[in-house]
$ cat protein.pdb   # PDB, C-alpha atoms and all ligand atoms
ATOM      1  CA  MET A   1      52.925  74.176-116.140  1.00  0.00           C
ATOM      2  CA  LYS A   2      55.523  74.447-113.427  1.00  0.00           C
ATOM      3  CA  LEU A   3      58.802  75.707-114.814  1.00  0.00           C
ATOM      4  CA  ARG A   4      61.531  73.127-115.102  1.00  0.00           C
ATOM      5  CA  GLU A   5      63.976  72.623-112.243  1.00  0.00           C
ATOM      6  CA  SER A   6      62.072  74.991-109.977  1.00  0.00           C
ATOM      7  CA  GLY A   7      62.083  72.748-106.932  1.00  0.00           C
ATOM      8  CA  MET A   8      63.385  74.485-103.838  1.00  0.00           C
ATOM      9  CA  PRO A   9      65.627  73.210-101.057  1.00  0.00           C
ATOM     10  CA  GLU A  10      64.623  73.710 -97.452  1.00  0.00           C
ATOM     11  CA  GLU A  11      63.757  77.336 -96.629  1.00  0.00           C
ATOM     12  CA  ALA A  12      66.505  78.107 -94.109  1.00  0.00           C
ATOM     13  CA  TYR A  13      69.183  76.833 -96.474  1.00  0.00           C
ATOM     14  CA  TRP A  14      67.732  78.680 -99.499  1.00  0.00           C
ATOM     15  CA  GLU A  15      67.936  81.919 -97.603  1.00  0.00           C
ATOM     16  CA  THR A  16      71.651  81.542 -96.892  1.00  0.00           C
ATOM     17  CA  LEU A  17      72.274  81.747-100.639  1.00  0.00           C
ATOM     18  CA  PHE A  18      71.429  85.440-101.092  1.00  0.00           C
ATOM     19  CA  ASP A  19      72.454  88.781 -99.704  1.00  0.00           C
ATOM     20  CA  VAL A  20      68.963  90.193-100.108  1.00  0.00           C
ATOM     21  CA  PRO A  21      69.633  93.827 -99.043  1.00  0.00           C
ATOM     22  CA  LEU A  22      72.655  94.004-101.363  1.00  0.00           C
ATOM     23  CA  ILE A  23      70.623  92.585-104.258  1.00  0.00           C
ATOM     24  CA  LEU A  24      67.775  95.032-103.778  1.00  0.00           C
ATOM     25  CA  ASP A  25      70.170  97.978-103.333  1.00  0.00           C
ATOM     26  CA  ARG A  26      72.138  97.150-106.458  1.00  0.00           C
ATOM     27  CA  LEU A  27      68.973  96.696-108.524  1.00  0.00           C
ATOM     28  CA  GLY A  28      67.550 100.021-107.372  1.00  0.00           C
ATOM     29  CA  ILE A  29      64.500  98.588-105.650  1.00  0.00           C
ATOM     30  CA  ASN A  30      63.308 101.385-103.400  1.00  0.00           C
ATOM     31  CA  ARG A  31      60.410 103.708-102.596  1.00  0.00           C
ATOM     32  CA  GLN A  32      60.509 105.273-106.028  1.00  0.00           C
ATOM     33  CA  LEU A  33      58.804 102.123-107.250  1.00  0.00           C
ATOM     34  CA  ARG A  34      55.097 101.979-106.607  1.00  0.00           C
ATOM     35  CA  ASP A  35      53.346  98.849-107.850  1.00  0.00           C
ATOM     36  CA  VAL A  36      55.450  95.789-108.606  1.00  0.00           C
ATOM     37  CA  VAL A  37      54.627  92.242-109.767  1.00  0.00           C
ATOM     38  CA  GLU A  38      56.725  89.164-108.939  1.00  0.00           C
ATOM     39  CA  LEU A  39      56.778  85.830-110.756  1.00  0.00           C
ATOM     40  CA  GLY A  40      57.246  83.069-108.180  1.00  0.00           C
ATOM     41  CA  CYS A  41      57.281  84.106-104.523  1.00  0.00           C
ATOM     42  CA  GLY A  42      58.868  80.855-103.377  1.00  0.00           C
ATOM     43  CA  TYR A  43      59.321  81.194 -99.622  1.00  0.00           C
ATOM     44  CA  GLY A  44      58.859  84.961 -99.820  1.00  0.00           C
ATOM     45  CA  THR A  45      62.627  85.478 -99.689  1.00  0.00           C
ATOM     46  CA  PHE A  46      62.323  88.607-101.813  1.00  0.00           C
ATOM     47  CA  THR A  47      58.597  89.256-101.528  1.00  0.00           C
ATOM     48  CA  LEU A  48      58.700  90.621 -97.991  1.00  0.00           C
ATOM     49  CA  PRO A  49      61.807  92.823 -98.306  1.00  0.00           C
ATOM     50  CA  VAL A  50      60.630  94.203-101.644  1.00  0.00           C
ATOM     51  CA  ALA A  51      57.183  94.986-100.246  1.00  0.00           C
ATOM     52  CA  GLN A  52      58.846  96.793 -97.338  1.00  0.00           C
ATOM     53  CA  ARG A  53      60.867  98.966 -99.722  1.00  0.00           C
ATOM     54  CA  ILE A  54      58.357 100.010-102.364  1.00  0.00           C
ATOM     55  CA  SER A  55      55.646 102.622-101.950  1.00  0.00           C
ATOM     56  CA  GLY A  56      52.793 100.690-103.557  1.00  0.00           C
ATOM     57  CA  VAL A  57      51.513  97.146-103.774  1.00  0.00           C
ATOM     58  CA  LEU A  58      53.496  94.023-104.588  1.00  0.00           C
ATOM     59  CA  THR A  59      51.500  91.412-106.461  1.00  0.00           C
ATOM     60  CA  THR A  60      53.121  88.010-106.232  1.00  0.00           C
ATOM     61  CA  ILE A  61      52.068  85.001-108.263  1.00  0.00           C
ATOM     62  CA  ASP A  62      53.126  81.406-107.737  1.00  0.00           C
ATOM     63  CA  ILE A  63      51.791  78.153-109.126  1.00  0.00           C
ATOM     64  CA  GLU A  64      52.324  76.373-105.781  1.00  0.00           C
ATOM     65  CA  PRO A  65      49.635  77.042-103.173  1.00  0.00           C
ATOM     66  CA  ALA A  66      52.050  76.038-100.385  1.00  0.00           C
ATOM     67  CA  MET A  67      54.539  78.694-101.458  1.00  0.00           C
ATOM     68  CA  VAL A  68      51.879  81.378-101.523  1.00  0.00           C
ATOM     69  CA  GLU A  69      50.623  80.272 -98.120  1.00  0.00           C
ATOM     70  CA  ARG A  70      54.099  80.316 -96.602  1.00  0.00           C
ATOM     71  CA  THR A  71      54.758  83.794 -97.965  1.00  0.00           C
ATOM     72  CA  ARG A  72      51.381  85.040 -96.756  1.00  0.00           C
ATOM     73  CA  GLN A  73      52.123  83.629 -93.297  1.00  0.00           C
ATOM     74  CA  ARG A  74      55.536  85.292 -93.098  1.00  0.00           C
ATOM     75  CA  ALA A  75      54.120  88.608 -94.266  1.00  0.00           C
ATOM     76  CA  ALA A  76      51.386  88.460 -91.642  1.00  0.00           C
ATOM     77  CA  GLN A  77      53.973  87.742 -88.944  1.00  0.00           C
ATOM     78  CA  ALA A  78      56.071  90.670 -90.124  1.00  0.00           C
ATOM     79  CA  GLY A  79      53.090  93.020 -90.441  1.00  0.00           C
ATOM     80  CA  VAL A  80      53.639  93.444 -94.178  1.00  0.00           C
ATOM     81  CA  LEU A  81      50.236  94.370 -95.577  1.00  0.00           C
ATOM     82  CA  ASN A  82      50.939  95.653 -99.089  1.00  0.00           C
ATOM     83  CA  VAL A  83      51.103  92.283-100.832  1.00  0.00           C
ATOM     84  CA  VAL A  84      48.447  90.740-103.077  1.00  0.00           C
ATOM     85  CA  TYR A  85      48.777  86.990-103.543  1.00  0.00           C
ATOM     86  CA  ALA A  86      47.693  84.811-106.438  1.00  0.00           C
ATOM     87  CA  VAL A  87      48.009  81.123-107.164  1.00  0.00           C
ATOM     88  CA  ALA A  88      48.283  80.906-110.945  1.00  0.00           C
ATOM     89  CA  ASP A  89      50.334  79.568-113.811  1.00  0.00           C
ATOM     90  CA  VAL A  90      52.035  82.641-115.225  1.00  0.00           C
ATOM     91  CA  PHE A  91      53.406  80.658-118.151  1.00  0.00           C
ATOM     92  CA  ALA A  92      49.863  79.777-119.194  1.00  0.00           C
ATOM     93  CA  ILE A  93      47.917  82.947-118.421  1.00  0.00           C
ATOM     94  CA  GLY A  94      50.500  85.662-117.923  1.00  0.00           C
ATOM     95  CA  PHE A  95      50.479  88.157-115.069  1.00  0.00           C
ATOM     96  CA  GLY A  96      46.907  89.292-115.666  1.00  0.00           C
ATOM     97  CA  GLY A  97      46.158  92.940-115.083  1.00  0.00           C
ATOM     98  CA  GLU A  98      46.290  95.877-117.388  1.00  0.00           C
ATOM     99  CA  PRO A  99      49.187  96.506-119.746  1.00  0.00           C
ATOM    100  CA  ALA A 100      51.623  99.147-118.470  1.00  0.00           C
ATOM    101  CA  SER A 101      50.147  98.969-114.957  1.00  0.00           C
ATOM    102  CA  GLN A 102      53.310  98.187-112.942  1.00  0.00           C
ATOM    103  CA  ASP A 103      56.467 100.089-112.123  1.00  0.00           C
ATOM    104  CA  ALA A 104      58.483  96.893-112.162  1.00  0.00           C
ATOM    105  CA  CYS A 105      58.349  93.157-112.701  1.00  0.00           C
ATOM    106  CA  LEU A 106      60.624  90.743-110.833  1.00  0.00           C
ATOM    107  CA  LEU A 107      61.965  87.629-112.568  1.00  0.00           C
ATOM    108  CA  PHE A 108      64.195  86.197-109.841  1.00  0.00           C
ATOM    109  CA  ASN A 109      65.643  82.733-110.516  1.00  0.00           C
ATOM    110  CA  ILE A 110      63.076  82.159-113.256  1.00  0.00           C
ATOM    111  CA  LEU A 111      64.658  82.503-116.696  1.00  0.00           C
ATOM    112  CA  HIS A 112      65.920  78.933-116.998  1.00  0.00           C
ATOM    113  CA  CYS A 113      62.286  78.247-117.962  1.00  0.00           C
ATOM    114  CA  GLU A 114      61.213  76.637-121.214  1.00  0.00           C
ATOM    115  CA  GLN A 115      60.029  79.822-122.938  1.00  0.00           C
ATOM    116  CA  PRO A 116      62.087  82.715-121.610  1.00  0.00           C
ATOM    117  CA  VAL A 117      61.255  85.113-124.445  1.00  0.00           C
ATOM    118  CA  LYS A 118      57.531  84.632-123.820  1.00  0.00           C
ATOM    119  CA  VAL A 119      58.038  85.465-120.144  1.00  0.00           C
ATOM    120  CA  VAL A 120      60.119  88.544-120.838  1.00  0.00           C
ATOM    121  CA  VAL A 121      57.574  89.753-123.417  1.00  0.00           C
ATOM    122  CA  GLU A 122      54.810  89.327-120.839  1.00  0.00           C
ATOM    123  CA  ALA A 123      56.896  91.154-118.221  1.00  0.00           C
ATOM    124  CA  ALA A 124      57.443  94.000-120.686  1.00  0.00           C
ATOM    125  CA  ARG A 125      53.692  94.140-121.295  1.00  0.00           C
ATOM    126  CA  VAL A 126      52.788  94.738-117.665  1.00  0.00           C
ATOM    127  CA  VAL A 127      55.390  97.405-116.889  1.00  0.00           C
ATOM    128  CA  ARG A 128      54.709 100.995-117.810  1.00  0.00           C
ATOM    129  CA  PRO A 129      56.872 102.568-120.528  1.00  0.00           C
ATOM    130  CA  GLU A 130      59.568 103.832-118.186  1.00  0.00           C
ATOM    131  CA  GLY A 131      59.231 100.865-115.804  1.00  0.00           C
ATOM    132  CA  TYR A 132      61.742  98.098-115.173  1.00  0.00           C
ATOM    133  CA  VAL A 133      62.043  94.364-115.481  1.00  0.00           C
ATOM    134  CA  HIS A 134      64.482  93.139-112.827  1.00  0.00           C
ATOM    135  CA  VAL A 135      66.193  89.821-113.402  1.00  0.00           C
ATOM    136  CA  ILE A 136      68.504  87.854-111.163  1.00  0.00           C
ATOM    137  CA  HIS A 137      69.965  84.480-111.850  1.00  0.00           C
ATOM    138  CA  TRP A 138      72.631  82.062-110.749  1.00  0.00           C
ATOM    139  CA  ARG A 139      76.086  82.729-112.115  1.00  0.00           C
ATOM    140  CA  TYR A 140      77.001  80.598-115.084  1.00  0.00           C
ATOM    141  CA  ASP A 141      79.413  78.622-112.940  1.00  0.00           C
ATOM    142  CA  PRO A 142      79.107  74.964-111.979  1.00  0.00           C
ATOM    143  CA  ALA A 143      80.692  75.782-108.593  1.00  0.00           C
ATOM    144  CA  THR A 144      77.522  77.491-107.351  1.00  0.00           C
ATOM    145  CA  PRO A 145      76.019  75.448-104.499  1.00  0.00           C
ATOM    146  CA  ARG A 146      72.574  75.397-106.157  1.00  0.00           C
ATOM    147  CA  GLY A 147      70.987  76.490-109.389  1.00  0.00           C
ATOM    148  CA  PRO A 148      69.594  74.820-112.498  1.00  0.00           C
ATOM    149  CA  SER A 149      71.756  72.476-114.491  1.00  0.00           C
ATOM    150  CA  MET A 150      74.297  74.157-116.730  1.00  0.00           C
ATOM    151  CA  GLU A 151      72.506  72.967-119.907  1.00  0.00           C
ATOM    152  CA  ILE A 152      69.530  75.206-119.164  1.00  0.00           C
ATOM    153  CA  ARG A 153      71.157  77.890-117.018  1.00  0.00           C
ATOM    154  CA  PRO A 154      71.161  81.218-118.859  1.00  0.00           C
ATOM    155  CA  ARG A 155      74.274  83.311-119.293  1.00  0.00           C
ATOM    156  CA  PRO A 156      73.829  87.084-119.000  1.00  0.00           C
ATOM    157  CA  GLU A 157      74.123  87.444-122.769  1.00  0.00           C
ATOM    158  CA  HIS A 158      71.209  85.033-123.261  1.00  0.00           C
ATOM    159  CA  ILE A 159      69.054  87.216-121.055  1.00  0.00           C
ATOM    160  CA  LEU A 160      70.135  90.338-122.931  1.00  0.00           C
ATOM    161  CA  ASN A 161      69.299  88.704-126.268  1.00  0.00           C
ATOM    162  CA  TRP A 162      65.867  87.523-125.094  1.00  0.00           C
ATOM    163  CA  SER A 163      65.209  90.961-123.677  1.00  0.00           C
ATOM    164  CA  ALA A 164      66.096  92.599-126.975  1.00  0.00           C
ATOM    165  CA  GLU A 165      63.423  90.436-128.603  1.00  0.00           C
ATOM    166  CA  ALA A 166      60.984  91.906-126.090  1.00  0.00           C
ATOM    167  CA  GLY A 167      62.104  95.467-126.839  1.00  0.00           C
ATOM    168  CA  LEU A 168      64.091  95.780-123.610  1.00  0.00           C
ATOM    169  CA  CYS A 169      67.727  96.601-122.926  1.00  0.00           C
ATOM    170  CA  ALA A 170      69.914  96.845-119.857  1.00  0.00           C
ATOM    171  CA  THR A 171      70.148 100.103-117.965  1.00  0.00           C
ATOM    172  CA  PRO A 172      73.627 101.702-117.999  1.00  0.00           C
ATOM    173  CA  GLU A 173      74.968  99.748-115.041  1.00  0.00           C
ATOM    174  CA  GLY A 174      74.705  96.626-117.240  1.00  0.00           C
ATOM    175  CA  VAL A 175      75.173  93.205-115.692  1.00  0.00           C
ATOM    176  CA  VAL A 176      75.551  93.650-111.937  1.00  0.00           C
ATOM    177  CA  ASP A 177      77.430  91.288-109.650  1.00  0.00           C
ATOM    178  CA  LEU A 178      75.270  90.081-106.764  1.00  0.00           C
ATOM    179  CA  PRO A 179      77.617  88.074-104.581  1.00  0.00           C
ATOM    180  CA  PRO A 180      77.963  85.433-103.486  1.00  0.00           C
ATOM    181  CA  TRP A 181      76.255  83.486-106.289  1.00  0.00           C
ATOM    182  CA  HIS A 182      74.112  85.657-108.531  1.00  0.00           C
ATOM    183  CA  TYR A 183      74.132  88.371-111.143  1.00  0.00           C
ATOM    184  CA  GLY A 184      71.382  90.812-111.968  1.00  0.00           C
ATOM    185  CA  ILE A 185      70.171  92.908-114.865  1.00  0.00           C
ATOM    186  CA  ARG A 186      67.761  95.815-114.766  1.00  0.00           C
ATOM    187  CA  LEU A 187      65.930  96.139-118.060  1.00  0.00           C
ATOM    188  CA  GLN A 188      64.006  98.988-119.568  1.00  0.00           C
ATOM    189  CA  ARG A 189      62.344  99.666-122.873  1.00  0.00           C
ATOM    190  CA  VAL A 190      64.808 100.334-125.641  1.00  0.00           C
ATOM    191  CA  ALA A 191      62.800 103.423-126.674  1.00  0.00           C
ATOM    192  CA  VAL A 192      63.206 104.936-123.196  1.00  0.00           C
ATOM    193  CA  ARG A 193      66.919 104.245-122.956  1.00  0.00           C
ATOM    194  CA  ALA A 194      67.549 105.488-126.496  1.00  0.00           C
ATOM    195  CA  THR A 195      65.930 108.840-125.735  1.00  0.00           C
ATOM    196  CA  PRO A 196      67.173 109.778-122.267  1.00  0.00           C
ATOM    197  CA  HIS A 197      65.804 113.328-122.487  1.00  0.00           C
ATOM    198  CA  THR A 198      62.318 112.229-123.478  1.00  0.00           C
ATOM    199  CA  THR A 199      59.823 113.091-120.796  1.00  0.00           C
ATOM    200  CA  VAL A 200      57.244 110.670-119.478  1.00  0.00           C
ATOM    201  CA  GLU A 201      54.525 112.803-121.086  1.00  0.00           C
ATOM    202  CA  HIS A 202      56.067 112.317-124.510  1.00  0.00           C
ATOM    203  CA  LEU A 203      55.991 108.575-124.085  1.00  0.00           C
ATOM    204  CA  ARG A 204      52.315 108.352-123.275  1.00  0.00           C
TER
HETATM  205  C1  LIG B 301      63.390  78.773-108.207  1.00  0.00           C
HETATM  206  S1  LIG B 301      61.955  79.303-107.351  1.00  0.00           S
HETATM  207  C2  LIG B 301      62.314  81.050-107.126  1.00  0.00           C
HETATM  208  C3  LIG B 301      61.473  81.692-106.061  1.00  0.00           C
HETATM  209  C4  LIG B 301      61.814  83.157-105.764  1.00  0.00           C
HETATM  210  N1  LIG B 301      61.660  83.967-106.950  1.00  0.00           N
HETATM  211  C5  LIG B 301      63.221  83.258-105.217  1.00  0.00           C
HETATM  212  O1  LIG B 301      64.133  83.603-105.989  1.00  0.00           O
HETATM  213  O2  LIG B 301      63.415  82.976-104.025  1.00  0.00           O
HETATM  214  C6  LIG B 301      60.724  79.344-108.634  1.00  0.00           C
HETATM  215  C7  LIG B 301      59.318  79.626-108.139  1.00  0.00           C
HETATM  216  O3  LIG B 301      58.468  79.750-109.284  1.00  0.00           O
HETATM  217  C8  LIG B 301      57.275  79.039-109.045  1.00  0.00           C
HETATM  218  N2  LIG B 301      56.729  78.638-110.339  1.00  0.00           N
HETATM  219  C9  LIG B 301      57.141  77.606-111.113  1.00  0.00           C
HETATM  220  N3  LIG B 301      56.398  77.533-112.220  1.00  0.00           N
HETATM  221  C10 LIG B 301      55.500  78.549-112.147  1.00  0.00           C
HETATM  222  C11 LIG B 301      54.444  78.982-113.000  1.00  0.00           C
HETATM  223  N4  LIG B 301      54.180  78.337-114.141  1.00  0.00           N
HETATM  224  N5  LIG B 301      53.701  80.052-112.625  1.00  0.00           N
HETATM  225  C12 LIG B 301      53.963  80.694-111.452  1.00  0.00           C
HETATM  226  N6  LIG B 301      54.938  80.309-110.597  1.00  0.00           N
HETATM  227  C13 LIG B 301      55.704  79.262-110.949  1.00  0.00           C
HETATM  228  C14 LIG B 301      57.711  77.872-108.172  1.00  0.00           C
HETATM  229  O4  LIG B 301      56.616  77.319-107.452  1.00  0.00           O
HETATM  230  C15 LIG B 301      58.760  78.509-107.268  1.00  0.00           C
HETATM  231  O5  LIG B 301      58.196  79.047-106.088  1.00  0.00           O
END

$ encode --input "protein.pdb" --output "structure tokens" --more "lines below"
Ligand SMILES: C[S@@+](CC[C@H](N)C(=O)[O-])C[C@H]1O[C@@H](n2cnc3c(N)ncnc32)[C@H](O)[C@@H]1O
Amino acid sequence: MKLRESGMPEEAYWETLFDVPLILDRLGINRQLRDVVELGCGYGTFTLPVAQRISGVLTTIDIEPAMVERTRQRAAQAGVLNVVYAVADVFAIGFGGEPASQDACLLFNILHCEQPVKVVVEAARVVRPEGYVHVIHWRYDPATPRGPSMEIRPRPEHILNWSAEAGLCATPEGVVDLPPWHYGIRLQRVAVRATPHTTVEHLR
């Protein structure tokens, strides 16, 4: 089922609403991440720049074939080859793939969905123990030029509470401002954050 209020405005306008390099810098999306999975490529606004930054493969999943096709087309034009595309309903079947197989999962403009805890739990499943779930969303402010209606728009504390149910907590930078219209949260397993000196080997 397509998530509620996930219709997109025209592509050129949508892409004026984000400072993509700033967002990716502030969320720590860089070559230290290998494989990453994204829920909802949309126009590929983040898909292409993320794929260009990471050192592995970006798997992007969208329920809309036209969105996947548009993103595939843009990636081909830009010579971005490290993207795997899937048309699927993540809310029905999850991300697929092995548990703990990804360095990160991207939930960008997604968590106004009907079952946010289910999505965050599924995101936590696919990232490896020391991996990250990256969330961005529209500020809880009716003055934003777009974004879901205020009744279903999550506040940062909602996202932190849902994440806690999934065994995740924010990394030390906490809720990050992503001007002009968004905020972001980088999440990691509570067990990893609670034991900062624990080595990866101990967690396996
Ligand atoms: C608000 S847009 C965000 C797109 C992109 N993440 C961004 O921020 O530019 C939500 C996207 O999720 C996709 N989507 C909605 N329901 C979905 C589902 N059940 N499974 C996978 N993708 C879904 C929509 O087709 C749309 O492309």

$ resolve_selection --input "protein.pdb" --expression "the PyMOL selection byres (((chain A and resi 28) around 12) and not hetatm)" --output "ChimeraX atom specification"
/A:21-27,29-33,50,53-54,104,131-135,171,173,176,184-187

$ resolve_selection --input "protein.pdb" --expression "the PyMOL selection byres (((not hetatm)) within 6 of (chain B and resi 301))" --output "list in words"
Met1, Lys2, Leu3, Ser6, Leu39, Gly40, Cys41, Gly42, Thr45, Ile61, Asp62, Ile63, Glu64, Met67, Ala88, Asp89, Val90, Phe91, Phe108, Asn109 and Ile110 of chain A

$ residues_near_point --input "protein.pdb" --point "(51.5, 84.8, -95.4)" --cutoff "12 Å" --atoms "all atoms listed in the file" --output "NGL selection string"
:A and (41-45 or 47-48 or 60 or 65-86)

$ closest_residue --input "protein.pdb" --among "A:Ala194, A:Leu168, A:Leu17, A:Ile93" --to "Trp138 of chain A" --atoms "only C-alpha atoms"
A:Leu17

$ atom_distance --input "protein.pdb" --atom1 "atom CA of Pro116 of chain A" --atom2 "atom CA of Gly56 of chain A"
27.1 Å

$ resolve_selection --input "protein.pdb" --expression "the PyMOL selection byres (((chain A and resi 160) around 10) and not hetatm)" --output "NGL selection string"
:A and (155-159 or 161-166 or 168-170 or 174-175 or 185 or 187)

$ write_last_selection --input "protein.pdb" --atoms "C-alpha atoms" --output "CSV table (one decimal), in the frame of the given file"
chain,number,residue,atom,x,y,z
A,155,ARG,CA,74.3,83.3,-119.3
A,156,PRO,CA,73.8,87.1,-119.0
A,157,GLU,CA,74.1,87.4,-122.8
A,158,HIS,CA,71.2,85.0,-123.3
A,159,ILE,CA,69.1,87.2,-121.1
A,161,ASN,CA,69.3,88.7,-126.3
A,162,TRP,CA,65.9,87.5,-125.1
A,163,SER,CA,65.2,91.0,-123.7
A,164,ALA,CA,66.1,92.6,-127.0
A,165,GLU,CA,63.4,90.4,-128.6
A,166,ALA,CA,61.0,91.9,-126.1
A,168,LEU,CA,64.1,95.8,-123.6
A,169,CYS,CA,67.7,96.6,-122.9
A,170,ALA,CA,69.9,96.8,-119.9
A,174,GLY,CA,74.7,96.6,-117.2
A,175,VAL,CA,75.2,93.2,-115.7
A,185,ILE,CA,70.2,92.9,-114.9
A,187,LEU,CA,65.9,96.1,-118.1

$ atom_distance --input "protein.pdb" --atom1 "atom CA of His182 of chain A" --atom2 "atom CA of Trp14 of chain A"
13.1 Å

$ axis_aligned_box --input "protein.pdb" --around "segment 34-46 of chain A" --padding-each-side "3 Å" --output "JSON"
{"center_x": 58.0, "center_y": 91.4, "center_z": -105.2, "size_x": 15.3, "size_y": 27.1, "size_z": 17.1}

$ residues_around --input "protein.pdb" --residues "Gly147 of chain A" --least-positions-apart "5" --cutoff "9 Å" --atoms "only C-alpha atoms" --output "number ranges by chain"
A: 5, 109, 137-139, 142, 153

$ atom_distance --input "protein.pdb" --atom1 "atom CA of Ala191 of chain A" --atom2 "atom CA of Val121 of chain A"
15.0 Å

$ closest_residue --input "protein.pdb" --among "A:Glu98, A:Glu151, A:Asp141, A:Glu130" --to "Cys113 of chain A" --atoms "only C-alpha atoms"
A:Glu151

$ closest_residue --input "protein.pdb" --among "A:Ala12, A:Leu178, A:Val36, A:Val20" --to "Gly97 of chain A" --atoms "only C-alpha atoms"
A:Val36

$ closest_residue --input "protein.pdb" --among "A:Asp177, A:Val192, A:Arg34, A:Lys118" --to "Asp19 of chain A" --atoms "all atoms listed in the file"
A:Asp177

$ closest_residue --input "protein.pdb" --among "A:Gln188, A:Pro99, A:Ala92, A:Phe46" --to "Gly167 of chain A" --atoms "all atoms listed in the file"
A:Gln188

$ closest_residue --input "protein.pdb" --among "A:Ser101, A:Ala143, A:Val87, A:Glu15" --to "Ala124 of chain A" --atoms "all atoms listed in the file"
A:Ser101

$ decode --input "protein.pdb" --residues "segment 129-150 of chain A" --atoms "C-alpha atoms" --output "tab-separated table (two decimals), in the first residue's frame"
chain	number	residue	atom	x	y	z
A	129	PRO	CA	24.83	-3.99	14.45
A	130	GLU	CA	26.94	-0.85	14.19
A	131	GLY	CA	25.06	0.46	11.13
A	132	TYR	CA	22.79	3.48	10.92
A	133	VAL	CA	19.22	4.35	10.14
A	134	HIS	CA	19.13	7.88	8.72
A	135	VAL	CA	15.88	9.79	8.95
A	136	ILE	CA	14.95	13.18	7.57
A	137	HIS	CA	11.60	14.84	7.76
A	138	TRP	CA	9.84	18.13	7.35
A	139	ARG	CA	10.04	20.46	10.32
A	140	TYR	CA	6.98	20.41	12.52
A	141	ASP	CA	6.01	23.85	11.27
A	142	PRO	CA	2.96	24.71	9.18
A	143	ALA	CA	5.02	27.40	7.39
A	144	THR	CA	6.98	24.80	5.42
A	145	PRO	CA	6.10	25.11	1.71
A	146	ARG	CA	5.35	21.37	1.44
A	147	GLY	CA	5.12	18.36	3.69
A	148	PRO	CA	2.38	16.13	5.07
A	149	SER	CA	-0.47	17.64	6.99
A	150	MET	CA	0.32	18.59	10.56
